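Data file: work16.pdb. Format and content: PDB, N, CA and C atoms.
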ATOM      1  N   MET R   1       0.849  -1.176   0.000
ATOM      2  CA  MET R   1       0.000   0.000   0.000
ATOM      3  C   MET R   1       0.888   1.231   0.000
ATOM      4  N   ILE R   2       0.552   2.168  -0.835
ATOM      5  CA  ILE R   2       1.321   3.396  -0.944
ATOM      6  C   ILE R   2       0.600   4.495  -0.184
ATOM      7  N   ASN R   3       1.339   5.208   0.619
ATOM      8  CA  ASN R   3       0.791   6.283   1.431
ATOM      9  C   ASN R   3       0.896   7.592   0.657
ATOM     10  N   ASP R   4      -0.182   7.929  -0.096
ATOM     11  CA  ASP R   4      -0.164   9.181  -0.843
ATOM     12  C   ASP R   4      -1.585   9.665  -1.084
ATOM     13  N   SER R   5      -1.704  10.751  -1.807
ATOM     14  CA  SER R   5      -3.013  11.350  -2.013
ATOM     15  C   SER R   5      -3.947  10.458  -2.821
ATOM     16  N   THR R   6      -3.421   9.524  -3.631
ATOM     17  CA  THR R   6      -4.302   8.651  -4.400
ATOM     18  C   THR R   6      -4.984   7.625  -3.506
ATOM     19  N   THR R   7      -4.476   7.434  -2.303
ATOM     20  CA  THR R   7      -5.112   6.506  -1.363
ATOM     21  C   THR R   7      -5.864   7.251  -0.273
ATOM     22  N   GLY R   8      -5.989   8.574  -0.430
ATOM     23  CA  GLY R   8      -6.728   9.356   0.548
ATOM     24  C   GLY R   8      -5.880   9.942   1.661
ATOM     25  N   ASN R   9      -4.580   9.731   1.643
ATOM     26  CA  ASN R   9      -3.683  10.259   2.669
ATOM     27  C   ASN R   9      -2.826  11.360   2.063
ATOM     28  N   MET R  10      -2.916  12.559   2.601
ATOM     29  CA  MET R  10      -2.094  13.664   2.122
ATOM     30  C   MET R  10      -0.713  13.572   2.787
ATOM     31  N   VAL R  11       0.311  13.768   1.980
ATOM     32  CA  VAL R  11       1.671  13.731   2.506
ATOM     33  C   VAL R  11       2.437  14.956   2.028
ATOM     34  N   ASP R  12       3.412  15.373   2.792
ATOM     35  CA  ASP R  12       4.232  16.537   2.468
ATOM     36  C   ASP R  12       5.399  16.145   1.566
ATOM     37  N   ASP R  13       5.890  17.127   0.807
ATOM     38  CA  ASP R  13       7.104  16.920   0.018
ATOM     39  C   ASP R  13       8.210  16.417   0.937
ATOM     40  N   GLY R  14       9.016  15.503   0.417
ATOM     41  CA  GLY R  14      10.116  14.940   1.189
ATOM     42  C   GLY R  14       9.745  13.701   1.967
ATOM     43  N   THR R  15       8.456  13.369   2.000
ATOM     44  CA  THR R  15       8.008  12.178   2.718
ATOM     45  C   THR R  15       8.263  10.934   1.875
ATOM     46  N   VAL R  16       8.955   9.957   2.436
ATOM     47  CA  VAL R  16       9.154   8.681   1.756
ATOM     48  C   VAL R  16       7.825   7.926   1.809
ATOM     49  N   VAL R  17       7.277   7.626   0.651
ATOM     50  CA  VAL R  17       5.988   6.937   0.591
ATOM     51  C   VAL R  17       6.133   5.463   0.234
ATOM     52  N   LEU R  18       7.331   5.075  -0.209
ATOM     53  CA  LEU R  18       7.577   3.684  -0.566
ATOM     54  C   LEU R  18       9.063   3.401  -0.410
ATOM     55  N   ASP R  19       9.394   2.371   0.349
ATOM     56  CA  ASP R  19      10.788   1.982   0.547
ATOM     57  C   ASP R  19      10.820   0.502   0.887
ATOM     58  N   ARG R  20      10.953  -0.325  -0.154
ATOM     59  CA  ARG R  20      10.970  -1.772   0.041
ATOM     60  C   ARG R  20      12.093  -2.387  -0.770
ATOM     61  N   ASN R  21      12.660  -3.460  -0.236
ATOM     62  CA  ASN R  21      13.683  -4.222  -0.926
ATOM     63  C   ASN R  21      13.429  -5.673  -0.572
ATOM     64  N   PHE R  22      13.204  -6.509  -1.589
ATOM     65  CA  PHE R  22      12.872  -7.902  -1.309
ATOM     66  C   PHE R  22      13.397  -8.829  -2.399
ATOM     67  N   GLU R  23      13.557 -10.078  -2.019
ATOM     68  CA  GLU R  23      14.067 -11.108  -2.920
ATOM     69  C   GLU R  23      12.959 -11.574  -3.859
ATOM     70  N   ILE R  24      13.313 -11.775  -5.114
ATOM     71  CA  ILE R  24      12.381 -12.312  -6.109
ATOM     72  C   ILE R  24      12.652 -13.788  -6.342
ATOM     73  N   ASP R  25      13.905 -14.156  -6.506
ATOM     74  CA  ASP R  25      14.264 -15.539  -6.813
ATOM     75  C   ASP R  25      15.445 -15.949  -5.936
ATOM     76  N   ALA R  26      15.206 -16.832  -4.985
ATOM     77  CA  ALA R  26      16.252 -17.252  -4.046
ATOM     78  C   ALA R  26      17.378 -17.990  -4.758
ATOM     79  N   THR R  27      17.061 -18.764  -5.782
ATOM     80  CA  THR R  27      18.074 -19.521  -6.507
ATOM     81  C   THR R  27      19.035 -18.588  -7.233
ATOM     82  N   GLU R  28      18.488 -17.594  -7.909
ATOM     83  CA  GLU R  28      19.324 -16.659  -8.670
ATOM     84  C   GLU R  28      19.792 -15.485  -7.826
ATOM     85  N   GLY R  29      19.145 -15.252  -6.688
ATOM     86  CA  GLY R  29      19.529 -14.146  -5.822
ATOM     87  C   GLY R  29      19.045 -12.793  -6.298
ATOM     88  N   THR R  30      18.096 -12.775  -7.228
ATOM     89  CA  THR R  30      17.604 -11.502  -7.741
ATOM     90  C   THR R  30      16.712 -10.800  -6.722
ATOM     91  N   ARG R  31      16.754  -9.463  -6.768
ATOM     92  CA  ARG R  31      16.018  -8.643  -5.807
ATOM     93  C   ARG R  31      15.288  -7.516  -6.519
ATOM     94  N   VAL R  32      14.313  -6.952  -5.818
ATOM     95  CA  VAL R  32      13.607  -5.766  -6.270
ATOM     96  C   VAL R  32      13.745  -4.696  -5.203
ATOM     97  N   GLN R  33      13.994  -3.474  -5.643
ATOM     98  CA  GLN R  33      14.015  -2.323  -4.750
ATOM     99  C   GLN R  33      12.992  -1.326  -5.289
ATOM    100  N   LEU R  34      12.075  -0.898  -4.415
ATOM    101  CA  LEU R  34      11.062   0.101  -4.762
ATOM    102  C   LEU R  34      11.250   1.289  -3.833
ATOM    103  N   PHE R  35      11.455   2.464  -4.410
ATOM    104  CA  PHE R  35      11.649   3.659  -3.593
ATOM    105  C   PHE R  35      10.940   4.830  -4.254
ATOM    106  N   ALA R  36      10.184   5.595  -3.447
ATOM    107  CA  ALA R  36       9.532   6.800  -3.937
ATOM    108  C   ALA R  36       9.402   7.803  -2.805
ATOM    109  N   VAL R  37       9.627   9.054  -3.140
ATOM    110  CA  VAL R  37       9.480  10.144  -2.181
ATOM    111  C   VAL R  37       8.573  11.195  -2.818
ATOM    112  N   LYS R  38       7.683  11.759  -2.029
ATOM    113  CA  LYS R  38       6.777  12.804  -2.511
ATOM    114  C   LYS R  38       7.599  14.030  -2.878
ATOM    115  N   ASP R  39       7.394  14.539  -4.100
ATOM    116  CA  ASP R  39       8.128  15.705  -4.572
ATOM    117  C   ASP R  39       7.261  16.414  -5.605
ATOM    118  N   SER R  40       6.608  17.475  -5.196
ATOM    119  CA  SER R  40       5.671  18.166  -6.083
ATOM    120  C   SER R  40       6.355  18.800  -7.292
ATOM    121  N   THR R  41       7.692  18.911  -7.279
ATOM    122  CA  THR R  41       8.408  19.480  -8.421
ATOM    123  C   THR R  41       8.804  18.414  -9.441
ATOM    124  N   SER R  42       8.648  17.143  -9.112
ATOM    125  CA  SER R  42       9.006  16.046 -10.018
ATOM    126  C   SER R  42       7.812  15.641 -10.877
ATOM    127  N   PRO R  43       8.084  15.128 -12.061
ATOM    128  CA  PRO R  43       6.992  14.652 -12.910
ATOM    129  C   PRO R  43       6.167  13.585 -12.189
ATOM    130  N   GLY R  44       4.872  13.753 -12.164
ATOM    131  CA  GLY R  44       4.009  12.793 -11.492
ATOM    132  C   GLY R  44       3.882  13.022 -10.004
ATOM    133  N   GLY R  45       4.643  13.989  -9.464
ATOM    134  CA  GLY R  45       4.551  14.321  -8.046
ATOM    135  C   GLY R  45       5.432  13.502  -7.124
ATOM    136  N   TYR R  46       6.280  12.662  -7.703
ATOM    137  CA  TYR R  46       7.178  11.799  -6.922
ATOM    138  C   TYR R  46       8.530  11.724  -7.593
ATOM    139  N   GLN R  47       9.556  11.526  -6.811
ATOM    140  CA  GLN R  47      10.863  11.113  -7.304
ATOM    141  C   GLN R  47      10.924   9.623  -7.004
ATOM    142  N   TYR R  48      11.103   8.781  -8.019
ATOM    143  CA  TYR R  48      11.042   7.335  -7.775
ATOM    144  C   TYR R  48      12.105   6.575  -8.560
ATOM    145  N   ARG R  49      12.384   5.392  -8.050
ATOM    146  CA  ARG R  49      13.286   4.445  -8.709
ATOM    147  C   ARG R  49      12.842   3.055  -8.298
ATOM    148  N   PHE R  50      12.470   2.252  -9.275
ATOM    149  CA  PHE R  50      12.128   0.849  -9.045
ATOM    150  C   PHE R  50      13.134   0.037  -9.842
ATOM    151  N   GLN R  51      13.808  -0.899  -9.186
ATOM    152  CA  GLN R  51      14.768  -1.697  -9.945
ATOM    153  C   GLN R  51      14.705  -3.171  -9.576
ATOM    154  N   TYR R  52      14.923  -3.986 -10.587
ATOM    155  CA  TYR R  52      15.023  -5.439 -10.484
ATOM    156  C   TYR R  52      16.464  -5.734 -10.858
ATOM    157  N   TYR R  53      17.199  -6.382  -9.960
ATOM    158  CA  TYR R  53      18.640  -6.505 -10.175
ATOM    159  C   TYR R  53      19.194  -7.768  -9.546
ATOM    160  N   GLU R  54      20.443  -8.052  -9.903
ATOM    161  CA  GLU R  54      21.198  -9.186  -9.377
ATOM    162  C   GLU R  54      22.356  -8.612  -8.570
ATOM    163  N   PRO R  55      22.259  -8.584  -7.240
ATOM    164  CA  PRO R  55      23.274  -7.898  -6.433
ATOM    165  C   PRO R  55      24.675  -8.495  -6.513
ATOM    166  N   GLU R  56      24.784  -9.789  -6.723
ATOM    167  CA  GLU R  56      26.109 -10.422  -6.784
ATOM    168  C   GLU R  56      26.924  -9.921  -7.967
ATOM    169  N   THR R  57      26.277  -9.761  -9.120
ATOM    170  CA  THR R  57      26.996  -9.354 -10.332
ATOM    171  C   THR R  57      26.816  -7.876 -10.641
ATOM    172  N   GLY R  58      25.843  -7.240 -10.011
ATOM    173  CA  GLY R  58      25.546  -5.845 -10.301
ATOM    174  C   GLY R  58      24.673  -5.661 -11.527
ATOM    175  N   GLU R  59      24.211  -6.772 -12.095
ATOM    176  CA  GLU R  59      23.378  -6.686 -13.287
ATOM    177  C   GLU R  59      22.046  -5.997 -12.970
ATOM    178  N   GLU R  60      21.749  -4.975 -13.734
ATOM    179  CA  GLU R  60      20.450  -4.310 -13.638
ATOM    180  C   GLU R  60      19.563  -4.937 -14.708
ATOM    181  N   ILE R  61      18.522  -5.625 -14.283
ATOM    182  CA  ILE R  61      17.654  -6.345 -15.207
ATOM    183  C   ILE R  61      16.558  -5.436 -15.744
ATOM    184  N   LEU R  62      15.971  -4.634 -14.874
ATOM    185  CA  LEU R  62      14.900  -3.715 -15.254
ATOM    186  C   LEU R  62      14.887  -2.553 -14.274
ATOM    187  N   ARG R  63      14.629  -1.341 -14.794
ATOM    188  CA  ARG R  63      14.487  -0.187 -13.907
ATOM    189  C   ARG R  63      13.464   0.775 -14.478
ATOM    190  N   TYR R  64      12.618   1.312 -13.618
ATOM    191  CA  TYR R  64      11.740   2.434 -13.939
ATOM    192  C   TYR R  64      12.223   3.598 -13.085
ATOM    193  N   ASP R  65      12.294   4.803 -13.663
ATOM    194  CA  ASP R  65      12.657   5.974 -12.871
ATOM    195  C   ASP R  65      12.219   7.251 -13.563
ATOM    196  N   ASN R  66      12.345   8.330 -12.842
ATOM    197  CA  ASN R  66      12.173   9.667 -13.417
ATOM    198  C   ASN R  66      13.325  10.544 -12.939
ATOM    199  N   ALA R  67      14.512   9.970 -12.949
ATOM    200  CA  ALA R  67      15.686  10.618 -12.370
ATOM    201  C   ALA R  67      16.274  11.719 -13.242
ATOM    202  N   HIS R  68      15.930  11.771 -14.502
ATOM    203  CA  HIS R  68      16.513  12.770 -15.393
ATOM    204  C   HIS R  68      15.544  13.070 -16.529
ATOM    205  N   ASP R  69      15.590  14.272 -17.016
ATOM    206  CA  ASP R  69      14.802  14.624 -18.197
ATOM    207  C   ASP R  69      15.560  14.171 -19.428
ATOM    208  N   SER R  70      14.807  13.789 -20.423
ATOM    209  CA  SER R  70      15.433  13.401 -21.680
ATOM    210  C   SER R  70      14.430  13.612 -22.802
ATOM    211  N   ASP R  71      14.870  13.388 -24.019
ATOM    212  CA  ASP R  71      13.976  13.570 -25.153
ATOM    213  C   ASP R  71      12.946  12.447 -25.282
ATOM    214  N   ILE R  72      13.016  11.425 -24.432
ATOM    215  CA  ILE R  72      11.999  10.364 -24.449
ATOM    216  C   ILE R  72      10.900  10.611 -23.424
ATOM    217  N   GLY R  73      11.011  11.688 -22.671
ATOM    218  CA  GLY R  73      10.001  12.003 -21.668
ATOM    219  C   GLY R  73      10.566  11.943 -20.266
ATOM    220  N   SER R  74       9.703  12.184 -19.311
ATOM    221  CA  SER R  74      10.127  12.259 -17.911
ATOM    222  C   SER R  74      10.204  10.911 -17.210
ATOM    223  N   HIS R  75       9.423   9.949 -17.663
ATOM    224  CA  HIS R  75       9.353   8.631 -17.017
ATOM    225  C   HIS R  75      10.032   7.617 -17.929
ATOM    226  N   HIS R  76      10.956   6.843 -17.345
ATOM    227  CA  HIS R  76      11.817   5.974 -18.147
ATOM    228  C   HIS R  76      11.722   4.514 -17.742
ATOM    229  N   ARG R  77      11.890   3.663 -18.735
ATOM    230  CA  ARG R  77      12.001   2.219 -18.541
ATOM    231  C   ARG R  77      13.365   1.813 -19.093
ATOM    232  N   HIS R  78      14.203   1.223 -18.235
ATOM    233  CA  HIS R  78      15.540   0.768 -18.627
ATOM    234  C   HIS R  78      15.523  -0.763 -18.658
ATOM    235  N   ARG R  79      15.841  -1.341 -19.803
ATOM    236  CA  ARG R  79      15.923  -2.803 -19.938
ATOM    237  C   ARG R  79      17.106  -3.099 -20.827
ATOM    238  N   ALA R  80      18.084  -3.842 -20.270
ATOM    239  CA  ALA R  80      19.361  -4.068 -20.963
ATOM    240  C   ALA R  80      19.951  -2.688 -21.263
ATOM    241  N   SER R  81      20.331  -2.423 -22.500
ATOM    242  CA  SER R  81      20.911  -1.112 -22.816
ATOM    243  C   SER R  81      19.877  -0.146 -23.382
ATOM    244  N   ALA R  82      18.624  -0.584 -23.480
ATOM    245  CA  ALA R  82      17.577   0.264 -24.048
ATOM    246  C   ALA R  82      16.879   1.098 -22.976
ATOM    247  N   VAL R  83      16.657   2.358 -23.302
ATOM    248  CA  VAL R  83      15.899   3.253 -22.435
ATOM    249  C   VAL R  83      14.728   3.773 -23.257
ATOM    250  N   THR R  84      13.520   3.563 -22.743
ATOM    251  CA  THR R  84      12.319   4.004 -23.442
ATOM    252  C   THR R  84      11.454   4.827 -22.503
ATOM    253  N   GLY R  85      10.612   5.649 -23.093
ATOM    254  CA  GLY R  85       9.643   6.391 -22.308
ATOM    255  C   GLY R  85       8.531   5.457 -21.852
ATOM    256  N   ILE R  86       7.917   5.796 -20.740
ATOM    257  CA  ILE R  86       6.843   4.962 -20.194
ATOM    258  C   ILE R  86       5.764   5.881 -19.634
ATOM    259  N   ASP R  87       4.507   5.498 -19.810
ATOM    260  CA  ASP R  87       3.398   6.287 -19.273
ATOM    261  C   ASP R  87       3.363   6.186 -17.754
ATOM    262  N   PHE R  88       2.973   7.280 -17.118
ATOM    263  CA  PHE R  88       2.817   7.321 -15.671
ATOM    264  C   PHE R  88       1.395   7.781 -15.385
ATOM    265  N   GLU R  89       0.599   6.888 -14.773
ATOM    266  CA  GLU R  89      -0.798   7.198 -14.471
ATOM    267  C   GLU R  89      -1.061   7.247 -12.980
ATOM    268  N   GLY R  90      -0.023   7.257 -12.196
ATOM    269  CA  GLY R  90      -0.134   7.261 -10.744
ATOM    270  C   GLY R  90       0.858   6.275 -10.162
ATOM    271  N   LEU R  91       1.247   6.523  -8.934
ATOM    272  CA  LEU R  91       2.291   5.705  -8.322
ATOM    273  C   LEU R  91       1.855   4.258  -8.120
ATOM    274  N   GLN R  92       0.671   4.044  -7.605
ATOM    275  CA  GLN R  92       0.205   2.675  -7.352
ATOM    276  C   GLN R  92       0.150   1.855  -8.636
ATOM    277  N   SER R  93      -0.407   2.418  -9.706
ATOM    278  CA  SER R  93      -0.482   1.662 -10.960
ATOM    279  C   SER R  93       0.903   1.452 -11.568
ATOM    280  N   HIS R  94       1.825   2.395 -11.336
ATOM    281  CA  HIS R  94       3.199   2.249 -11.842
ATOM    282  C   HIS R  94       3.906   1.092 -11.125
ATOM    283  N   VAL R  95       3.734   1.006  -9.817
ATOM    284  CA  VAL R  95       4.311  -0.103  -9.046
ATOM    285  C   VAL R  95       3.725  -1.424  -9.529
ATOM    286  N   THR R  96       2.432  -1.471  -9.723
ATOM    287  CA  THR R  96       1.772  -2.698 -10.188
ATOM    288  C   THR R  96       2.328  -3.123 -11.540
ATOM    289  N   ARG R  97       2.450  -2.175 -12.454
ATOM    290  CA  ARG R  97       2.988  -2.481 -13.781
ATOM    291  C   ARG R  97       4.413  -3.006 -13.686
ATOM    292  N   PHE R  98       5.235  -2.353 -12.876
ATOM    293  CA  PHE R  98       6.623  -2.784 -12.699
ATOM    294  C   PHE R  98       6.687  -4.206 -12.150
ATOM    295  N   ARG R  99       5.934  -4.472 -11.097
ATOM    296  CA  ARG R  99       5.969  -5.805 -10.483
ATOM    297  C   ARG R  99       5.495  -6.878 -11.452
ATOM    298  N   GLU R 100       4.462  -6.597 -12.233
ATOM    299  CA  GLU R 100       3.992  -7.570 -13.230
ATOM    300  C   GLU R 100       5.073  -7.855 -14.258
ATOM    301  N   GLU R 101       5.788  -6.818 -14.682
ATOM    302  CA  GLU R 101       6.868  -7.012 -15.645
ATOM    303  C   GLU R 101       8.017  -7.810 -15.032
ATOM    304  N   VAL R 102       8.345  -7.541 -13.777
ATOM    305  CA  VAL R 102       9.401  -8.303 -13.083
ATOM    306  C   VAL R 102       9.037  -9.778 -13.046
ATOM    307  N   PHE R 103       7.804 -10.095 -12.693
ATOM    308  CA  PHE R 103       7.405 -11.500 -12.602
ATOM    309  C   PHE R 103       7.445 -12.177 -13.962
ATOM    310  N   ARG R 104       7.067 -11.461 -15.035
ATOM    311  CA  ARG R 104       7.156 -12.030 -16.385
ATOM    312  C   ARG R 104       8.610 -12.296 -16.768
ATOM    313  N   ILE R 105       9.483 -11.332 -16.499
ATOM    314  CA  ILE R 105      10.910 -11.505 -16.826
ATOM    315  C   ILE R 105      11.503 -12.656 -16.024
ATOM    316  N   ASN R 106      11.206 -12.694 -14.738
ATOM    317  CA  ASN R 106      11.759 -13.734 -13.875
ATOM    318  C   ASN R 106      11.323 -15.124 -14.324
ATOM    319  N   ALA R 107      10.090 -15.253 -14.768
ATOM    320  CA  ALA R 107       9.578 -16.554 -15.208
ATOM    321  C   ALA R 107      10.313 -17.057 -16.451
ATOM    322  N   ASN R 108      10.906 -16.150 -17.216
ATOM    323  CA  ASN R 108      11.590 -16.535 -18.459
ATOM    324  C   ASN R 108      13.106 -16.535 -18.343
ATOM    325  N   ARG R 109      13.644 -16.331 -17.138
ATOM    326  CA  ARG R 109      15.105 -16.325 -16.976
ATOM    327  C   ARG R 109      15.621 -17.720 -16.795
TER     328      ARG R 109
END

Could you quickly redo this structure as structure tokens?
Amino acid sequence: MINDSTTGNMVDDGTVVLDRNFEIDATEGTRVQLFAVKDSTSPGGYQYRFQYYEPETGEEILRYDNAHDSDIGSHHRHRASAVTGIDFEGLQSHVTRFREEVFRINANR
């Protein structure tokens, strides 16, 4: 559950609304990190970074973020060496989309 205005809870800028790190696959050691902080100056109202990675090798498998502006838009999807723009319709739906993609990727690794 995300603590933000979309769930009926008002939060101030600088408030961490999501901070989780958990294992996806014990055999491979892959993990997911979800982090978001309320920031009314950031696109979508949050500064966020969601990543699916392999900590032993440092391999970044998938990442969503809005860490930098670019010609592809404010919200980014990083997969392998490709960076593409991604729609942002709210933090909760963005987390859901990311997690669904992680589970699809993990099932095919």

Helix (DSSP H, G or I) per DSSP on the backbone: members of chain R, as a ChimeraX atom specification: /R:5-7,43-45,91-107

Residues selected by the PyMOL selection byres (((chain R and resi 36-43 and name CA) around 6) and name CA), written as number ranges by chain: R: 13-18, 35, 44-48

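Shortest atom-to-atom contact with Val95 (chain R) among R:Ala107, R:Ala67, R:Arg79, R:Gln33: R:Gln33, counting only C-alpha atoms.
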
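The space separating atom C of Asp25 (chain R) from CA of Pro55 (chain R) comes to 11.2 Å.
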
Ground truth for the PyMOL selection byres ((chain R and resi 52) around 6.5), written as a CSV table (one decimal) with N, CA and C atoms, in the coordinates of the input:
chain,number,residue,atom,x,y,z
R,31,ARG,N,16.8,-9.5,-6.8
R,31,ARG,CA,16.0,-8.6,-5.8
R,31,ARG,C,15.3,-7.5,-6.5
R,32,VAL,N,14.3,-7.0,-5.8
R,32,VAL,CA,13.6,-5.8,-6.3
R,32,VAL,C,13.7,-4.7,-5.2
R,33,GLN,N,14.0,-3.5,-5.6
R,33,GLN,CA,14.0,-2.3,-4.8
R,33,GLN,C,13.0,-1.3,-5.3
R,50,PHE,N,12.5,2.3,-9.3
R,50,PHE,CA,12.1,0.8,-9.0
R,50,PHE,C,13.1,0.0,-9.8
R,51,GLN,N,13.8,-0.9,-9.2
R,51,GLN,CA,14.8,-1.7,-9.9
R,51,GLN,C,14.7,-3.2,-9.6
R,53,TYR,N,17.2,-6.4,-10.0
R,53,TYR,CA,18.6,-6.5,-10.2
R,53,TYR,C,19.2,-7.8,-9.5
R,54,GLU,N,20.4,-8.1,-9.9
R,54,GLU,CA,21.2,-9.2,-9.4
R,54,GLU,C,22.4,-8.6,-8.6
R,59,GLU,N,24.2,-6.8,-12.1
R,59,GLU,CA,23.4,-6.7,-13.3
R,59,GLU,C,22.0,-6.0,-13.0
R,60,GLU,N,21.7,-5.0,-13.7
R,60,GLU,CA,20.4,-4.3,-13.6
R,60,GLU,C,19.6,-4.9,-14.7
R,61,ILE,N,18.5,-5.6,-14.3
R,61,ILE,CA,17.7,-6.3,-15.2
R,61,ILE,C,16.6,-5.4,-15.7
R,62,LEU,N,16.0,-4.6,-14.9
R,62,LEU,CA,14.9,-3.7,-15.3
R,62,LEU,C,14.9,-2.6,-14.3
R,63,ARG,N,14.6,-1.3,-14.8
R,63,ARG,CA,14.5,-0.2,-13.9
R,63,ARG,C,13.5,0.8,-14.5

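CA of Arg77 (chain R) is positioned 20.7 Å from atom N of Glu23 (chain R).
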
Answer as a VMD selection string, residues within 12 Å of (1.0, 1.7, -19.8) using only C-alpha atoms: chain R and resid 75 to 77 85 to 90 93 to 98 100 to 101

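The smallest atom-to-atom distance between Thr30 (chain R) and any of R:Gln92, R:Ala80, R:Glu56, R:Phe103, using all atoms listed in the file, is found for R:Glu56.
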
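When CA of His68 (chain R) is paired with CA of Asp19 (chain R), their separation reads 20.1 Å.
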
Kindly list the centre and edge lengths in Å, rounded to one decimal, for the axis-aligned box that covers all listed atoms of region 24-32 of chain R plus 5 Å on each of its six sides, as lines of an AutoDock Vina configuration file.
center_x = 16.1
center_y = -12.1
center_z = -6.4
size_x = 17.4
size_y = 24.8
size_z = 14.6

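Nearest residue to Ile105 (chain R) among R:Asp12, R:Arg49, R:Ile24, R:Gly73 is R:Ile24, counting only C-alpha atoms.
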
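Among the candidates R:Gly58, R:Glu28, R:Thr84, R:Asn66, the residue lying nearest to Arg109 (chain R) is R:Glu28 (atoms considered: only C-alpha atoms).
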